[in-house]
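Structure first, then comments.
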Amino acid sequence: MTEPTQQAHTYETATARIEEIIRRLDSGEAGLRETLELLREGRGLVELCAAELEAVGRGLEELRLDELVARLESGDRAAS
């Protein structure tokens, strides 16, 4: 039985671990207790990935707003 790792995951390592969990569950070889542990670990990893994606989305939105402000400011200077 594989123990959940207690390391800090990046988005990439979390998605790789989720794929491992899915393969193990799909194999049908995991017992009831291992299945429960894998599902709990997987849920936590999915939550981590969702939070990472949300943070990246906010960052991209901020960049787009910064670019829009810069374009508007440069347009105002050109019109002056």
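By convention in this document, the chains of the structure tokens carry letters A, B, ... by their order, each chain's residues are numbered from 1, and ligands are numbered from 1 in the order they are shown.
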
message: At a cut-off of 12 Å, using only C-alpha atoms, what residues contact region 9-13 of chain A? Leave out same-chain residues fewer than 6 positions from it and give the result as a list in words.
response: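 Near region 9-13 of chain A, the qualifying residues are Glu19, Glu20, Glu41, Gly44, Leu45, Val46, Glu47, Leu48, Cys49, Ala50, Ala51, Glu52, Leu53, Glu54, Ala55 and Val56 of chain A.
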
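The gap separating CA of Glu61 (chain A) from CA of Ile18 (chain A) is 27.4 Å, in Å to one decimal.
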
query: Arg24 (chain A): which residues within 9 Å, counting only C-alpha atoms, same-chain residues fewer than 5 positions away excluded, as a PyMOL selection string?
result: chain A and resi 19+29-30+35+38

Could the residues in this selection be written to a file with N, CA and C atoms, as a PDB file, in the first residue's frame?
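Just written: again37.pdb:
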ATOM      1  N   GLU A  19      -2.802  11.479 -11.332  1.00  0.00           N
ATOM      2  CA  GLU A  19      -2.798  10.462 -12.385  1.00  0.00           C
ATOM      3  C   GLU A  19      -2.399   9.093 -11.825  1.00  0.00           C
ATOM      4  N   GLU A  29      -7.021  -3.101  -7.913  1.00  0.00           N
ATOM      5  CA  GLU A  29      -6.202  -3.851  -6.966  1.00  0.00           C
ATOM      6  C   GLU A  29      -6.189  -3.254  -5.563  1.00  0.00           C
ATOM      7  N   ALA A  30      -6.650  -2.028  -5.428  1.00  0.00           N
ATOM      8  CA  ALA A  30      -6.626  -1.374  -4.112  1.00  0.00           C
ATOM      9  C   ALA A  30      -7.750  -1.936  -3.247  1.00  0.00           C
ATOM     10  N   THR A  35      -8.329   2.404  -0.930  1.00  0.00           N
ATOM     11  CA  THR A  35      -9.179   3.213  -1.803  1.00  0.00           C
ATOM     12  C   THR A  35      -9.618   4.479  -1.090  1.00  0.00           C
ATOM     13  N   LEU A  38      -6.645   6.814  -0.807  1.00  0.00           N
ATOM     14  CA  LEU A  38      -6.320   7.413  -2.106  1.00  0.00           C
ATOM     15  C   LEU A  38      -7.335   8.485  -2.484  1.00  0.00           C
TER      16      LEU A  38
END

message: Give me, as a count of residues only, the residues of chain A that a backbone DSSP run labels alpha helix (DSSP H).
response: 65
